[in-house]
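Student: After the structure tokens below, expect a handful of questions from me.
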Number of protein chains: 2
Amino acid sequence: MATTRRILVIGGDAAGMAAASRARRLCGEECEVVALERGEFTSYSACGIPYWVGGQVEDRDQLIARDPAEHRRRGVDVRTRTEATALDLDRGQVRARRLDSGEELWLDYDELVLATGAHPVRPRLPGIDADGVHGVQSLEDGQALLDTLARTEGDRAVVVGAGYIGVEMAEALIRRGYRVTVVDQAEQPMTTLDPDMGALVHEAMCGMGIETVRGATVSEIATEDGRAVGVVTDRDRYPADVVVLGLGVRPATELAREAELPLGASGGLLTDVTQRVRGHENVWAGGDCVEVYDLVSGEHRYVPLGTHANKHGQVIGSNLGGVHATFPGVVGTAVSKVCDLEIGRTGLLERQATEAGLDFHTVTVEATSRAGYYPGASPMHVKMLAERHTGRLLGTQIVGREGAAKRVDIAAVALTARMTVEQMTQLDLGYAPPFSPVWDPVLVAARRALAAVRGD
Amino acid sequence: MATTRRILVIGGDAAGMAAASRARRLCGEECEVVALERGEFTSYSACGIPYWVGGQVEDRDQLIARDPAEHRRRGVDVRTRTEATALDLDRGQVRARRLDSGEELWLDYDELVLATGAHPVRPRLPGIDADGVHGVQSLEDGQALLDTLARTEGDRAVVVGAGYIGVEMAEALIRRGYRVTVVDQAEQPMTTLDPDMGALVHEAMCGMGIETVRGATVSEIATEDGRAVGVVTDRDRYPADVVVLGLGVRPATELAREAELPLGASGGLLTDVTQRVRGHENVWAGGDCVEVYDLVSGEHRYVPLGTHANKHGQVIGSNLGGVHATFPGVVGTAVSKVCDLEIGRTGLLERQATEAGLDFHTVTVEATSRAGYYPGASPMHVKMLAERHTGRLLGTQIVGREGAAKRVDIAAVALTARMTVEQMTQLDLGYAPPFSPVWDPVLVAARRALAAVRGD
């Protein structure tokens, strides 16, 4: 066994287990792959929790792509309910605690993969730990929320935070018959969009009967007998039978920080394009605990998304298995929906472009998802940012109904290729009346952006 | 008036009227814009005819984006029922006949735009001109077919040709309650796909109750009292109460040929990237009467599609109006559907890639349109061609249900940017459970193609 190389993975979700699985497959007998997971589950879809809560997904286990037993059958030594508590990089060891027995032990590694994920933001407010206040980060969280919903008699839900998780949870609770109020600090929901596009989301949410309170700072969760009964803001009080926190996440990098691994401004780990932690030959990191390179702005950003985590894991596993692979970076693509409203974005917002030192034009067009005469054609708004003078595409945001969100993929590929809006006007996109007007909405926006760049 | 420049457009549909409108808007008073159209209609969507016949579009006029009166209000002198009958390039004149009066006249031009479109392929078979045999190229054709359907008592329809028009018409007739047989020469429907992908379409059409006869050569339309009653092939005879021809089109370039303008192998006009006819300073051409440059193979091809026609017209009108614009070429994107089956393709088929002298790998994957656990997730097949050694993407074909067809846009942009499949594996595409699995089907195919290129 002395010649066996041990790959030790911390974190049993997307990035960690993708790395473990791929390394296991490529390395064969020459490696031992051990994965530590604090919880009970591996390789699950946290992104699916709102749909489980909303009832579209019936069973928790549908959200689990591969459980620990299956990973073990494939040769990955998964140790659940086992928490990493310290890294000793000099000695190549990780201290781990078995949560059930309390036993602590040191594990050796040759290669270390940090896939510690993220913590949900949970502000230290009075009442935040009361019964009936729920995050939705883990499967355990989702089950706890479902248990609360099952025994709650009232029908008033307050969601704190109007980002992706917040609006998805608003939909889930509407589907379960709740009257939903979404409370957010920002002036518009979806601060991943520019305010003018966020306003379209706000308007649509009102039309769905979701009350959206904007520009409100939550100061307290009101409680009675240890149970949440309302959300108190600087301006008002909103009665609640259940409170859901959807305030986003921050990188879970406490161990990395203690070990003095390099962290970016957001607290996420910094890696090179192979997902190797900078300056550390045998330490790798991926998923929600790392910062990613933004191909559009040239800066590092914190963009926790399952799709990046899977790619990171795949890249790490390939490199560990001797197959060179790189993750060149992101362009900032994200899609979401609330009821039948679809939301997509890619590239930079106005604020981000300005912060990156870019000068740009913005245009917004309204166009239809299908030929105007074809049934189901629905309007969508497409906003586009193009760099002044050069005309390079900087970002695209789309809000509409069916067929709106995934259209940002067109712009995502164009951003990756650093296309100009002029080049985009001539893109050969699929056209047929059931799928698109003869000028796809993205092309309409590109034409308008080109006119702006040319001062037309 | 001596200083007024006259732009003469032949053809009143997409390319011609887009050119006319844009030139009109940019030139102001300095130009006169005259457009000749043989039929009664302008700026209509031939692509919409199957949906009008199928009943999804109620009224013919919904297919008309801008009628002659509206064009005239905007300053374009549209002359309908006026056919161009000869070009005199040396004198800068076009001979035209007014179809109603038979009157002939010569019109001067300073700039000539040829947008003469295409003729439907109509083989010289016995019975082809019988009542009840219909093409679906023009609005007049569509109306004639609808009139036949209204007075036909039987419910048997035969569609000759299983390309885009053929399968779309099959759907239209199914929707109207007909028993539909599609007869085609090829071994698989949709020869715009590789045979293995066409086989998936065939299978799905059978499942919809559409009888598909493959590898059959039509020899005759059987008639009784001047009415079509069946389609006779080299192998069998298929009774028909109505026969629809969906055999594609060929460029309508008789005038151009007589005037010795340069034509390609398909008979389509050859232009430069500004849509100027090669070697002719003041003659422009666009739409279904031209060949287009294929950015993937580096060859010229005949790809008659409304979306290209509109772009050509826009480019011609811009250049006529003093705003430089180019149409760099196509990558061969097309999308279609038959009932709930969606079909998309872009780039080269295997046959085309071989003809272009390329060596390549092919892979086909099956993946789902949404996260597997999300309601409505449906399987799709994605086929990808990647150049041997370099790994450059050469083509993508997708057959599936909802969300399949427009996914080829991702590959279309990647082809335009000459991306490798390795670059594609790391594309930042929109992910959320209602829209995509964590690895979008296109990424799954790119990964598989990368493995093939690497000999993995």
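The way I read the labels, and the way they are meant: chains A, B, ... in the order of the structure tokens, residue 1 as the first residue of every chain, and ligand 1 as the first ligand shown, with later ones counted on from there.
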Just fit chain A onto chain B on all the Cα atoms, in order, by least squares, and give it as a compact mmCIF listing (two decimals) with C-alpha atoms, in the first residue's frame.
Tutor:
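selection_22.txt written:
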```txt
# COMPACT_ATOMS: atom_id res chain seq x y z
CA MET A 1 -35.69 64.73 -60.81
CA ALA A 2 -32.52 64.24 -62.86
CA THR A 3 -30.37 63.93 -59.75
CA THR A 4 -32.61 61.35 -58.06
CA ARG A 5 -31.02 57.93 -57.88
CA ARG A 6 -33.45 55.12 -58.66
CA ILE A 7 -33.18 51.86 -56.77
CA LEU A 8 -35.15 49.16 -58.54
CA VAL A 9 -36.01 46.02 -56.59
CA ILE A 10 -37.30 42.87 -58.25
CA GLY A 11 -39.23 40.75 -55.78
CA GLY A 12 -41.57 41.90 -53.03
CA ASP A 13 -40.90 39.43 -50.24
CA ALA A 14 -38.33 39.35 -47.44
CA ALA A 15 -35.03 40.18 -49.14
CA GLY A 16 -36.46 42.66 -51.63
CA MET A 17 -38.66 44.60 -49.28
CA ALA A 18 -36.14 44.61 -46.43
CA ALA A 19 -33.65 46.13 -48.87
CA ALA A 20 -36.22 48.59 -50.18
CA SER A 21 -37.36 49.68 -46.72
CA ARG A 22 -33.89 50.11 -45.31
CA ALA A 23 -32.62 51.98 -48.39
CA ARG A 24 -35.69 54.19 -48.31
CA ARG A 25 -35.12 55.05 -44.67
CA LEU A 26 -31.40 55.77 -45.05
CA CYS A 27 -31.42 57.59 -48.40
CA GLY A 28 -34.11 60.13 -47.73
CA GLU A 29 -35.08 62.29 -50.69
CA GLU A 30 -32.03 61.50 -52.70
CA CYS A 31 -33.43 58.15 -53.83
CA GLU A 32 -36.49 56.77 -55.46
CA VAL A 33 -37.21 53.16 -54.52
CA VAL A 34 -39.35 51.09 -56.86
CA ALA A 35 -40.22 47.46 -56.16
CA LEU A 36 -41.76 45.04 -58.64
CA GLU A 37 -43.76 42.08 -57.37
CA ARG A 38 -45.41 39.52 -59.61
CA GLY A 39 -48.03 38.55 -57.04
CA GLU A 40 -50.44 40.57 -54.94
CA PHE A 41 -48.63 40.38 -51.62
CA THR A 42 -45.48 41.80 -50.14
CA SER A 43 -43.38 40.93 -47.09
CA TYR A 44 -45.20 37.77 -46.17
CA SER A 45 -44.04 34.72 -44.31
CA ALA A 46 -44.00 31.70 -46.59
CA CYS A 47 -42.65 29.77 -43.59
CA GLY A 48 -45.96 30.39 -41.85
CA ILE A 49 -48.11 28.71 -44.50
CA PRO A 50 -48.06 25.23 -42.87
CA TYR A 51 -49.43 26.79 -39.66
CA TRP A 52 -52.14 28.66 -41.53
CA VAL A 53 -53.15 25.44 -43.26
CA GLY A 54 -52.95 23.61 -39.92
CA GLY A 55 -55.26 26.14 -38.28
CA GLN A 56 -52.85 27.58 -35.70
CA VAL A 57 -52.87 30.81 -37.68
CA GLU A 58 -56.41 31.87 -38.39
CA ASP A 59 -56.07 34.45 -41.02
CA ARG A 60 -53.90 34.84 -44.08
CA ASP A 61 -53.26 38.47 -43.31
CA GLN A 62 -51.48 37.54 -40.08
CA LEU A 63 -48.71 36.19 -42.31
CA ILE A 64 -48.24 39.56 -43.98
CA ALA A 65 -45.72 41.70 -42.14
CA ARG A 66 -46.28 44.76 -44.34
CA ASP A 67 -48.69 45.02 -47.22
CA PRO A 68 -48.16 47.08 -50.40
CA ALA A 69 -50.25 50.00 -49.13
CA GLU A 70 -48.12 50.24 -45.98
CA HIS A 71 -44.90 50.08 -48.03
CA ARG A 72 -46.23 52.86 -50.24
CA ARG A 73 -47.05 54.98 -47.20
CA ARG A 74 -43.42 54.60 -46.22
CA GLY A 75 -42.26 55.83 -49.57
CA VAL A 76 -41.54 52.61 -51.46
CA ASP A 77 -43.21 52.58 -54.87
CA VAL A 78 -44.46 48.98 -54.86
CA ARG A 79 -45.94 47.74 -58.12
CA THR A 80 -47.75 44.46 -57.59
CA ARG A 81 -48.84 42.07 -60.34
CA THR A 82 -45.89 43.38 -62.26
CA GLU A 83 -43.37 40.87 -63.51
CA ALA A 84 -39.81 41.61 -64.54
CA THR A 85 -39.23 39.87 -67.89
CA ALA A 86 -35.71 40.94 -68.89
CA LEU A 87 -32.63 42.71 -67.59
CA ASP A 88 -30.53 45.04 -69.72
CA LEU A 89 -27.49 45.59 -67.57
CA ASP A 90 -25.65 47.70 -70.15
CA ARG A 91 -28.43 50.21 -70.42
CA GLY A 92 -29.46 49.93 -66.77
CA GLN A 93 -32.99 48.90 -67.55
CA VAL A 94 -35.50 46.24 -66.61
CA ARG A 95 -38.40 45.19 -68.79
CA ALA A 96 -41.59 44.69 -66.84
CA ARG A 97 -45.05 43.40 -67.71
CA ARG A 98 -48.21 44.44 -65.93
CA LEU A 99 -49.95 41.12 -65.55
CA ASP A 100 -53.47 42.54 -65.57
CA SER A 101 -53.18 44.70 -68.67
CA GLY A 102 -50.39 42.83 -70.44
CA GLU A 103 -48.66 46.18 -70.92
CA GLU A 104 -44.87 46.05 -71.16
CA LEU A 105 -42.50 48.83 -70.23
CA TRP A 106 -38.81 49.46 -69.62
CA LEU A 107 -37.78 50.87 -66.24
CA ASP A 108 -34.46 52.62 -65.69
CA TYR A 109 -32.38 51.96 -62.62
CA ASP A 110 -29.19 53.24 -61.03
CA GLU A 111 -29.04 50.35 -58.57
CA LEU A 112 -30.70 46.99 -59.18
CA VAL A 113 -31.69 44.57 -56.42
CA LEU A 114 -32.48 41.01 -57.45
CA ALA A 115 -34.70 39.29 -54.92
CA THR A 116 -36.49 36.98 -57.26
CA GLY A 117 -36.77 34.14 -54.75
CA ALA A 118 -37.21 30.51 -55.62
CA HIS A 119 -39.42 28.15 -57.56
CA PRO A 120 -40.85 25.11 -55.85
CA VAL A 121 -39.56 21.89 -57.36
CA ARG A 122 -42.41 20.40 -59.36
CA PRO A 123 -41.38 17.30 -61.28
CA ARG A 124 -42.89 16.82 -64.73
CA LEU A 125 -45.01 13.79 -63.86
CA PRO A 126 -48.29 12.64 -65.36
CA GLY A 127 -51.11 14.17 -63.35
CA ILE A 128 -48.97 16.77 -61.58
CA ASP A 129 -51.26 19.58 -62.76
CA ALA A 130 -54.47 17.84 -61.70
CA ASP A 131 -56.89 19.46 -59.27
CA GLY A 132 -56.01 18.63 -55.71
CA VAL A 133 -52.22 18.76 -56.22
CA HIS A 134 -50.79 21.67 -54.28
CA GLY A 135 -47.52 23.40 -53.62
CA VAL A 136 -47.16 25.63 -50.58
CA GLN A 137 -44.76 28.32 -51.71
CA SER A 138 -46.94 31.42 -51.91
CA LEU A 139 -49.96 32.75 -50.08
CA GLU A 140 -51.95 32.01 -53.24
CA ASP A 141 -50.81 28.37 -52.97
CA GLY A 142 -51.87 28.25 -49.34
CA GLN A 143 -55.32 29.64 -50.15
CA ALA A 144 -55.77 27.18 -53.01
CA LEU A 145 -54.89 24.28 -50.71
CA LEU A 146 -57.30 25.52 -48.04
CA ASP A 147 -60.04 25.81 -50.66
CA THR A 148 -59.40 22.23 -51.76
CA LEU A 149 -59.45 20.98 -48.16
CA ALA A 150 -62.73 22.80 -47.55
CA ARG A 151 -64.47 20.99 -50.39
CA THR A 152 -62.78 17.61 -50.09
CA GLU A 153 -64.85 14.87 -48.55
CA GLY A 154 -62.20 12.21 -48.08
CA ASP A 155 -59.60 12.24 -45.37
CA ARG A 156 -56.55 10.82 -47.12
CA ALA A 157 -53.61 13.11 -47.77
CA VAL A 158 -50.31 12.26 -49.39
CA VAL A 159 -47.35 14.58 -48.93
CA VAL A 160 -44.58 14.13 -51.48
CA GLY A 161 -41.23 14.98 -49.89
CA ALA A 162 -40.10 14.58 -46.30
CA GLY A 163 -37.96 17.68 -45.87
CA TYR A 164 -38.90 20.67 -43.71
CA ILE A 165 -41.94 21.61 -45.77
CA GLY A 166 -43.04 18.01 -46.07
CA VAL A 167 -42.98 17.25 -42.35
CA GLU A 168 -44.54 20.59 -41.45
CA MET A 169 -47.34 19.95 -43.93
CA ALA A 170 -47.79 16.43 -42.54
CA GLU A 171 -48.40 18.01 -39.14
CA ALA A 172 -50.79 20.56 -40.63
CA LEU A 173 -52.87 17.86 -42.31
CA ILE A 174 -52.88 15.66 -39.19
CA ARG A 175 -54.21 18.65 -37.31
CA ARG A 176 -57.01 18.94 -39.82
CA GLY A 177 -57.98 15.32 -39.27
CA TYR A 178 -56.39 13.77 -42.33
CA ARG A 179 -54.74 10.39 -42.48
CA VAL A 180 -51.35 11.38 -43.79
CA THR A 181 -48.83 9.43 -45.84
CA VAL A 182 -45.46 11.02 -46.56
CA VAL A 183 -43.67 9.63 -49.59
CA ASP A 184 -40.01 10.34 -50.05
CA GLN A 185 -37.17 9.19 -52.25
CA ALA A 186 -34.65 9.10 -49.41
CA GLU A 187 -34.22 6.22 -47.01
CA GLN A 188 -34.99 8.55 -44.08
CA PRO A 189 -37.07 11.68 -43.73
CA MET A 190 -35.17 14.96 -43.25
CA THR A 191 -32.17 14.56 -45.49
CA THR A 192 -31.00 17.78 -43.88
CA LEU A 193 -30.03 15.40 -41.07
CA ASP A 194 -27.69 12.43 -41.11
CA PRO A 195 -29.55 9.16 -41.74
CA ASP A 196 -29.23 7.99 -38.12
CA MET A 197 -30.85 11.21 -36.88
CA GLY A 198 -33.43 11.09 -39.69
CA ALA A 199 -34.34 7.61 -38.47
CA LEU A 200 -35.34 9.12 -35.11
CA VAL A 201 -37.66 11.49 -36.95
CA HIS A 202 -39.11 8.59 -38.90
CA GLU A 203 -39.76 6.63 -35.74
CA ALA A 204 -41.43 9.60 -34.07
CA MET A 205 -43.61 10.27 -37.14
CA CYS A 206 -44.81 6.66 -37.05
CA GLY A 207 -45.73 7.19 -33.41
CA MET A 208 -47.86 10.17 -34.48
CA GLY A 209 -49.75 8.01 -36.94
CA ILE A 210 -48.04 9.50 -39.97
CA GLU A 211 -47.26 6.79 -42.49
CA THR A 212 -43.82 7.39 -43.96
CA VAL A 213 -42.87 5.65 -47.18
CA ARG A 214 -39.12 5.77 -47.72
CA GLY A 215 -36.95 5.11 -50.74
CA ALA A 216 -39.89 5.49 -53.08
CA THR A 217 -39.82 7.33 -56.41
CA VAL A 218 -43.10 8.95 -57.41
CA SER A 219 -43.88 8.12 -61.02
CA GLU A 220 -47.37 9.54 -61.45
CA ILE A 221 -50.25 11.32 -59.81
CA ALA A 222 -53.27 9.13 -60.45
CA THR A 223 -56.30 11.13 -61.54
CA GLU A 224 -60.02 10.72 -62.15
CA ASP A 225 -61.94 13.37 -64.05
CA GLY A 226 -58.95 15.70 -63.77
CA ARG A 227 -58.74 15.31 -60.00
CA ALA A 228 -55.89 13.70 -58.11
CA VAL A 229 -56.94 10.44 -56.47
CA GLY A 230 -53.60 8.91 -55.58
CA VAL A 231 -49.85 8.90 -55.76
CA VAL A 232 -48.13 6.14 -57.70
CA THR A 233 -44.57 5.14 -56.89
CA ASP A 234 -42.22 2.57 -58.34
CA ARG A 235 -43.44 0.19 -55.64
CA ASP A 236 -47.02 0.96 -54.71
CA ARG A 237 -49.99 3.23 -55.02
CA TYR A 238 -51.32 5.47 -52.25
CA PRO A 239 -54.89 6.75 -52.46
CA ALA A 240 -55.18 10.47 -51.87
CA ASP A 241 -57.96 13.02 -51.63
CA VAL A 242 -55.36 15.74 -51.62
CA VAL A 243 -51.69 15.74 -52.65
CA VAL A 244 -49.19 18.25 -51.26
CA LEU A 245 -45.79 18.77 -52.87
CA GLY A 246 -43.01 19.55 -50.43
CA LEU A 247 -39.98 18.91 -52.58
CA GLY A 248 -37.98 21.99 -51.81
CA VAL A 249 -37.12 24.88 -54.07
CA ARG A 250 -34.56 25.99 -56.64
CA PRO A 251 -33.34 29.54 -57.22
CA ALA A 252 -35.48 31.66 -59.56
CA THR A 253 -32.60 33.02 -61.60
CA GLU A 254 -33.79 32.77 -65.19
CA LEU A 255 -33.48 36.53 -65.74
CA ALA A 256 -30.05 36.56 -64.13
CA ARG A 257 -28.92 33.67 -66.30
CA GLU A 258 -30.13 35.39 -69.48
CA ALA A 259 -28.26 38.52 -68.41
CA GLU A 260 -25.14 36.39 -67.86
CA LEU A 261 -24.82 37.23 -64.21
CA PRO A 262 -22.56 34.82 -62.28
CA LEU A 263 -24.33 31.74 -60.96
CA GLY A 264 -23.04 28.98 -58.69
CA ALA A 265 -23.40 25.23 -59.06
CA SER A 266 -26.96 25.31 -57.68
CA GLY A 267 -28.02 28.05 -60.09
CA GLY A 268 -28.04 30.67 -57.33
CA LEU A 269 -26.47 34.08 -57.86
CA LEU A 270 -22.97 34.66 -56.55
CA THR A 271 -22.33 37.77 -54.48
CA ASP A 272 -19.61 39.25 -52.31
CA VAL A 273 -20.10 39.81 -48.58
CA THR A 274 -21.94 43.09 -49.19
CA GLN A 275 -24.46 41.11 -51.30
CA ARG A 276 -23.21 42.84 -54.44
CA VAL A 277 -23.36 40.52 -57.45
CA ARG A 278 -19.81 39.60 -58.37
CA GLY A 279 -18.34 41.82 -61.00
CA HIS A 280 -21.33 44.14 -61.13
CA GLU A 281 -20.95 47.45 -59.35
CA ASN A 282 -24.63 48.33 -59.18
CA VAL A 283 -26.38 44.96 -59.03
CA TRP A 284 -27.24 43.40 -55.69
CA ALA A 285 -28.91 40.13 -54.83
CA GLY A 286 -30.25 38.39 -51.75
CA GLY A 287 -32.72 35.84 -50.45
CA ASP A 288 -33.70 32.56 -52.04
CA CYS A 289 -32.10 33.46 -55.40
CA VAL A 290 -28.49 33.55 -54.13
CA GLU A 291 -25.88 31.11 -52.92
CA VAL A 292 -24.39 31.78 -49.49
CA TYR A 293 -20.90 31.26 -48.16
CA ASP A 294 -20.65 28.38 -45.73
CA LEU A 295 -18.37 29.49 -42.91
CA VAL A 296 -17.72 25.90 -41.82
CA SER A 297 -16.79 24.26 -45.11
CA GLY A 298 -15.52 27.35 -46.90
CA GLU A 299 -17.76 26.57 -49.86
CA HIS A 300 -20.78 28.23 -51.40
CA ARG A 301 -24.10 26.51 -50.84
CA TYR A 302 -27.75 27.05 -51.63
CA VAL A 303 -29.61 27.54 -48.33
CA PRO A 304 -32.96 29.23 -48.99
CA LEU A 305 -34.29 30.45 -45.65
CA GLY A 306 -36.35 33.45 -44.64
CA THR A 307 -33.90 34.41 -41.94
CA HIS A 308 -31.05 34.74 -44.43
CA ALA A 309 -33.30 36.62 -46.85
CA ASN A 310 -34.12 39.21 -44.21
CA LYS A 311 -30.46 39.67 -43.34
CA HIS A 312 -29.51 39.96 -47.01
CA GLY A 313 -32.15 42.61 -47.54
CA GLN A 314 -30.99 44.50 -44.51
CA VAL A 315 -27.37 44.38 -45.67
CA ILE A 316 -28.25 45.46 -49.22
CA GLY A 317 -30.42 48.32 -47.97
CA SER A 318 -27.67 49.48 -45.62
CA ASN A 319 -25.05 49.47 -48.36
CA LEU A 320 -27.38 51.29 -50.75
CA GLY A 321 -27.97 53.83 -48.01
CA GLY A 322 -24.28 54.43 -47.45
CA VAL A 323 -23.93 52.37 -44.26
CA HIS A 324 -21.41 49.62 -44.84
CA ALA A 325 -22.75 46.19 -43.89
CA THR A 326 -21.75 42.63 -44.66
CA PHE A 327 -23.29 39.19 -44.58
CA PRO A 328 -20.30 37.04 -43.70
CA GLY A 329 -22.05 33.74 -44.36
CA VAL A 330 -24.03 30.96 -42.76
CA VAL A 331 -23.23 27.95 -40.65
CA GLY A 332 -26.23 25.98 -41.87
CA THR A 333 -28.63 26.35 -38.96
CA ALA A 334 -32.20 25.15 -39.38
CA VAL A 335 -34.93 24.23 -36.91
CA SER A 336 -38.26 22.58 -37.48
CA LYS A 337 -40.92 20.55 -35.76
CA VAL A 338 -43.47 17.92 -36.55
CA CYS A 339 -46.16 17.82 -33.86
CA ASP A 340 -44.19 17.79 -30.60
CA LEU A 341 -40.96 16.53 -32.15
CA GLU A 342 -38.32 19.21 -32.48
CA ILE A 343 -35.49 19.04 -34.96
CA GLY A 344 -32.44 21.28 -35.12
CA ARG A 345 -29.23 21.21 -37.06
CA THR A 346 -26.26 23.45 -37.69
CA GLY A 347 -22.95 23.05 -39.44
CA LEU A 348 -22.10 20.10 -41.62
CA LEU A 349 -23.64 16.66 -41.94
CA GLU A 350 -21.28 13.70 -42.22
CA ARG A 351 -21.77 13.66 -45.97
CA GLN A 352 -21.09 17.38 -46.29
CA ALA A 353 -18.01 17.22 -44.11
CA THR A 354 -16.61 14.37 -46.19
CA GLU A 355 -17.37 16.24 -49.41
CA ALA A 356 -15.56 19.25 -48.00
CA GLY A 357 -12.48 17.10 -47.49
CA LEU A 358 -12.67 17.06 -43.71
CA ASP A 359 -11.77 14.17 -41.44
CA PHE A 360 -13.82 13.96 -38.28
CA HIS A 361 -15.22 12.08 -35.31
CA THR A 362 -18.94 11.71 -34.68
CA VAL A 363 -20.60 11.12 -31.35
CA THR A 364 -24.25 10.91 -30.36
CA VAL A 365 -25.51 11.30 -26.81
CA GLU A 366 -28.90 11.12 -25.19
CA ALA A 367 -29.59 13.69 -22.51
CA THR A 368 -32.61 15.42 -21.01
CA SER A 369 -34.01 18.87 -21.69
CA ARG A 370 -34.33 19.70 -17.99
CA ALA A 371 -32.95 18.29 -14.75
CA GLY A 372 -34.03 14.64 -14.78
CA TYR A 373 -36.20 15.14 -11.71
CA TYR A 374 -38.02 18.21 -13.03
CA PRO A 375 -41.47 17.65 -14.58
CA GLY A 376 -41.45 17.67 -18.36
CA ALA A 377 -37.81 16.63 -18.68
CA SER A 378 -37.67 14.84 -22.00
CA PRO A 379 -34.87 13.00 -23.75
CA MET A 380 -33.10 14.44 -26.74
CA HIS A 381 -30.43 13.04 -29.01
CA VAL A 382 -27.49 15.30 -29.76
CA LYS A 383 -25.05 14.34 -32.50
CA MET A 384 -21.81 16.22 -32.85
CA LEU A 385 -19.08 16.22 -35.47
CA ALA A 386 -15.58 17.33 -34.48
CA GLU A 387 -12.59 17.63 -36.77
CA ARG A 388 -9.98 14.94 -36.21
CA HIS A 389 -6.83 16.20 -34.43
CA THR A 390 -7.86 19.87 -34.16
CA GLY A 391 -11.13 19.16 -32.37
CA ARG A 392 -12.90 21.99 -34.18
CA LEU A 393 -16.67 21.70 -34.04
CA LEU A 394 -18.03 20.88 -37.49
CA GLY A 395 -21.71 20.29 -36.87
CA THR A 396 -24.50 19.50 -34.44
CA GLN A 397 -27.86 17.82 -34.92
CA ILE A 398 -30.55 17.55 -32.26
CA VAL A 399 -33.80 15.57 -32.28
CA GLY A 400 -36.03 15.66 -29.22
CA ARG A 401 -39.10 17.23 -27.69
CA GLU A 402 -39.59 20.62 -26.02
CA GLY A 403 -36.35 22.57 -25.75
CA ALA A 404 -34.44 20.52 -28.31
CA ALA A 405 -34.45 22.54 -31.54
CA LYS A 406 -33.27 25.98 -30.39
CA ARG A 407 -30.38 24.42 -28.48
CA VAL A 408 -28.56 24.26 -31.81
CA ASP A 409 -28.11 28.03 -31.47
CA ILE A 410 -25.36 27.31 -28.94
CA ALA A 411 -23.52 25.26 -31.53
CA ALA A 412 -24.29 27.81 -34.25
CA VAL A 413 -22.49 30.54 -32.34
CA ALA A 414 -19.65 28.16 -31.49
CA LEU A 415 -19.29 27.28 -35.19
CA THR A 416 -19.20 30.95 -36.11
CA ALA A 417 -16.42 31.47 -33.57
CA ARG A 418 -14.63 28.32 -34.83
CA MET A 419 -14.54 26.85 -31.36
CA THR A 420 -13.14 23.45 -30.56
CA VAL A 421 -15.24 20.90 -28.73
CA GLU A 422 -12.79 21.26 -25.84
CA GLN A 423 -13.62 24.96 -25.58
CA MET A 424 -17.28 24.05 -25.75
CA THR A 425 -17.08 21.71 -22.77
CA GLN A 426 -16.45 24.74 -20.56
CA LEU A 427 -19.12 27.04 -22.00
CA ASP A 428 -21.01 28.92 -19.31
CA LEU A 429 -24.55 28.01 -20.35
CA GLY A 430 -27.67 28.78 -18.35
CA TYR A 431 -28.44 26.16 -15.74
CA ALA A 432 -31.48 25.79 -13.51
CA PRO A 433 -33.53 22.62 -13.08
CA PRO A 434 -36.55 23.81 -15.15
CA PHE A 435 -34.28 24.68 -18.07
CA SER A 436 -31.41 22.26 -18.22
CA PRO A 437 -29.59 19.46 -16.45
CA VAL A 438 -26.44 20.65 -14.73
CA TRP A 439 -24.59 19.58 -17.87
CA ASP A 440 -26.56 20.96 -20.79
CA PRO A 441 -27.12 18.30 -23.49
CA VAL A 442 -24.84 20.28 -25.81
CA LEU A 443 -22.08 20.14 -23.18
CA VAL A 444 -22.60 16.40 -22.73
CA ALA A 445 -22.11 15.95 -26.48
CA ALA A 446 -19.06 18.23 -26.46
CA ARG A 447 -17.48 16.19 -23.66
CA ARG A 448 -18.06 12.98 -25.57
CA ALA A 449 -16.67 14.54 -28.74
CA LEU A 450 -13.59 15.74 -26.85
CA ALA A 451 -13.01 12.21 -25.58
CA ALA A 452 -13.23 10.96 -29.17
CA VAL A 453 -10.77 13.57 -30.41
CA ARG A 454 -8.35 12.66 -27.66
CA GLY A 455 -8.82 8.95 -28.27
CA ASP A 456 -9.88 8.77 -24.66
```
Student: Using backbone DSSP assignments, extract all alpha helix (DSSP H) residues from stretch 215-330 of chain B; output them as an MDAnalysis selection string.
Tutor: chainID B and resid 254:258 306:320
Student: Based on DSSP run over this structure's backbone, return all residues of stretch 14-77 of chain B in strand (DSSP E), as a list in words.
Tutor: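 Put together, the selection reads Cys31, Glu32, Val33, Val34, Ala35, Leu36, Val76 and Asp77 of chain B.
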